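See structure below.
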Amino acid sequence: MEKLINDFSFGLFFWQIIIFVLLLLLLRKFAWKPILGAVNDREEGIKNALDSAEKAKLEMQNLQADNEKLLQEARAEREMMMKEAREIKAKMISDAKEDAKIEADKMVAHAQAAIESEKKSAIAELKQQVASLSLEIAEKVVKHELSDKDKQLKLVEEMLGDAKLN
């Protein structure tokens, strides 16, 4: 009886290994490429978003540089302006820089939040797809193995034959 249990456990283990290997092969063939493609597409989208944010930041810096150049030309043309006018102008430049920095920081923070959200969404979707595919494949393999009565009868006869020998 103990040998029958060991043989049955080995047979069950053997079939589990076979089903597992088949499942891995099916996942490799049908699931990994689309999943990796989707992840790569999302990664590309995230990279594009970061590039866009960096370009916007550079544009803001260029605009700041252009504003500074215009202000310097105005100073050269209007040297006779009073000290108060110069102080007001310097304050306007400082405010513009501060506003531009705040806006650039907001854009970077928004881009980082969007990237993190997309990453979490991609991982969750990937997990859900892998789980769904695994269940479908396992169900089909088990249905196929149990649907053939000849295979079931042959397995029972083999077990009974092994039991009689012992």
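Each chain of the structure tokens is named A, B, ... in the order shown, its residues numbered from 1; ligands are numbered from 1 in display order.
By only C-alpha atoms, and with residues fewer than 5 positions from region 60-76 of chain A along its chain excluded, the set lying at most 10 Å from it is A:Glu54, A:Lys55, A:Met81, A:Arg86, A:Lys89, A:Ala90, A:Ile93, A:Ala96, A:Lys97, A:Ala100, A:Lys101, A:Glu103, A:Ala104.
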Keeping only all heavy atoms, take the residues you just selected and write them out as a short mmCIF file (atom, residue, chain, number, x, y, z; two decimals), in the first residue's frame.
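Listed below is the output, result07.cif:
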```
data_model
loop_
_atom_site.label_atom_id
_atom_site.label_comp_id
_atom_site.auth_asym_id
_atom_site.auth_seq_id
_atom_site.Cartn_x
_atom_site.Cartn_y
_atom_site.Cartn_z
N GLU A 54 11.72 67.98 -20.09
CA GLU A 54 13.06 68.58 -20.16
C GLU A 54 13.10 69.69 -21.22
O GLU A 54 13.68 70.75 -20.99
CB GLU A 54 14.11 67.50 -20.46
CG GLU A 54 15.53 67.97 -20.36
CD GLU A 54 15.92 68.42 -18.96
OE1 GLU A 54 15.42 67.87 -17.98
OE2 GLU A 54 16.74 69.35 -18.87
N LYS A 55 12.45 69.44 -22.37
CA LYS A 55 12.40 70.47 -23.41
C LYS A 55 11.66 71.71 -22.92
O LYS A 55 12.07 72.84 -23.21
CB LYS A 55 11.73 69.91 -24.67
CG LYS A 55 12.60 68.95 -25.44
CD LYS A 55 11.88 68.40 -26.66
CE LYS A 55 12.72 67.36 -27.37
NZ LYS A 55 12.02 66.77 -28.51
N MET A 81 17.61 106.51 -16.05
CA MET A 81 16.43 106.24 -15.22
C MET A 81 16.79 106.37 -13.76
O MET A 81 17.93 106.19 -13.36
CB MET A 81 15.89 104.82 -15.48
CG MET A 81 15.23 104.65 -16.81
SD MET A 81 14.68 102.96 -17.04
CE MET A 81 13.02 103.09 -16.51
N ARG A 86 15.01 101.30 -11.44
CA ARG A 86 15.91 100.13 -11.52
C ARG A 86 15.55 99.07 -10.47
O ARG A 86 15.61 97.87 -10.75
CB ARG A 86 17.36 100.57 -11.39
CG ARG A 86 17.85 101.31 -12.59
CD ARG A 86 19.29 101.70 -12.47
NE ARG A 86 19.68 102.47 -13.62
CZ ARG A 86 20.77 103.21 -13.71
NH1 ARG A 86 21.59 103.28 -12.67
NH2 ARG A 86 21.05 103.86 -14.80
N LYS A 89 12.47 97.21 -11.62
CA LYS A 89 12.81 96.29 -12.71
C LYS A 89 13.50 95.03 -12.16
O LYS A 89 13.19 93.90 -12.57
CB LYS A 89 13.71 97.01 -13.72
CG LYS A 89 14.05 96.19 -14.91
CD LYS A 89 14.81 96.94 -16.00
CE LYS A 89 15.75 97.97 -15.51
NZ LYS A 89 16.55 98.58 -16.57
N ALA A 90 14.42 95.20 -11.22
CA ALA A 90 15.11 94.04 -10.63
C ALA A 90 14.11 93.14 -9.91
O ALA A 90 14.20 91.90 -9.97
CB ALA A 90 16.21 94.52 -9.69
N ILE A 93 12.25 91.06 -12.45
CA ILE A 93 13.08 89.94 -12.93
C ILE A 93 13.09 88.82 -11.91
O ILE A 93 12.94 87.64 -12.25
CB ILE A 93 14.53 90.43 -13.24
CG1 ILE A 93 14.52 91.37 -14.43
CG2 ILE A 93 15.44 89.25 -13.50
CD1 ILE A 93 15.86 92.08 -14.63
N ALA A 96 9.80 87.03 -11.96
CA ALA A 96 9.66 86.19 -13.16
C ALA A 96 10.47 84.90 -13.04
O ALA A 96 10.00 83.81 -13.41
CB ALA A 96 10.09 86.98 -14.40
N LYS A 97 11.68 85.02 -12.49
CA LYS A 97 12.51 83.82 -12.29
C LYS A 97 11.86 82.88 -11.29
O LYS A 97 11.83 81.66 -11.49
CB LYS A 97 13.91 84.21 -11.81
CG LYS A 97 14.79 84.78 -12.87
CD LYS A 97 16.16 85.12 -12.32
CE LYS A 97 17.07 85.69 -13.38
NZ LYS A 97 18.40 86.03 -12.84
N ALA A 100 8.87 81.24 -12.89
CA ALA A 100 9.30 80.24 -13.87
C ALA A 100 9.83 78.99 -13.19
O ALA A 100 9.55 77.86 -13.61
CB ALA A 100 10.38 80.84 -14.79
N LYS A 101 10.57 79.18 -12.10
CA LYS A 101 11.09 78.03 -11.35
C LYS A 101 9.95 77.24 -10.73
O LYS A 101 9.93 76.00 -10.77
CB LYS A 101 12.07 78.50 -10.27
CG LYS A 101 12.72 77.35 -9.52
CD LYS A 101 13.67 77.85 -8.48
CE LYS A 101 14.40 76.77 -7.74
NZ LYS A 101 13.73 75.57 -7.45
N GLU A 103 6.87 77.08 -11.76
CA GLU A 103 6.15 76.40 -12.85
C GLU A 103 6.93 75.19 -13.37
O GLU A 103 6.36 74.12 -13.61
CB GLU A 103 5.89 77.38 -14.01
CG GLU A 103 4.97 76.85 -15.07
CD GLU A 103 3.57 76.56 -14.57
OE1 GLU A 103 3.09 77.25 -13.66
OE2 GLU A 103 2.94 75.62 -15.11
N ALA A 104 8.25 75.34 -13.51
CA ALA A 104 9.07 74.21 -13.96
C ALA A 104 9.04 73.08 -12.94
O ALA A 104 8.93 71.90 -13.31
CB ALA A 104 10.50 74.67 -14.21
#
```
Q.
I'd like the neighbourhood of Gly45 (chain A) as a VMD selection string, where a residue qualifies if any of its atoms comes within 12 Å (using only C-alpha atoms), though same-chain residues fewer than 3 positions away should be ignored.
A. chain A and resid 38 to 42 48 to 52 111 114 to 115 118 to 119 122
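With distances restricted to only C-alpha atoms, A:Gly37 is the closest residue to Leu126 (chain A) from A:Phe20, A:Gly37, A:Ser94, A:Asp148.
For the residues A:Lys120, A:Arg28, A:Lys106, A:Lys33, ranking by smallest atom-to-atom distance to Lys57 (chain A) using only C-alpha atoms places A:Lys106 first.
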CA of Gln16 (chain A) to CA of Met159 (chain A) measures 17.6 Å
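When the distance limit is 12 Å and only C-alpha atoms are what count, the residues near Ser134 (chain A), minus those fewer than 2 positions from it on the same chain, are A:Ile19, A:Phe20, A:Leu22, A:Leu23, A:Leu24, A:Leu25, A:Leu26, A:Leu27, A:Arg28, A:Phe30, A:Ala31, A:Trp32, A:Lys127, A:Gln128, A:Gln129, A:Val130, A:Ala131, A:Ser132, A:Glu136, A:Ile137, A:Ala138, A:Glu139, A:Lys140, A:Val141.
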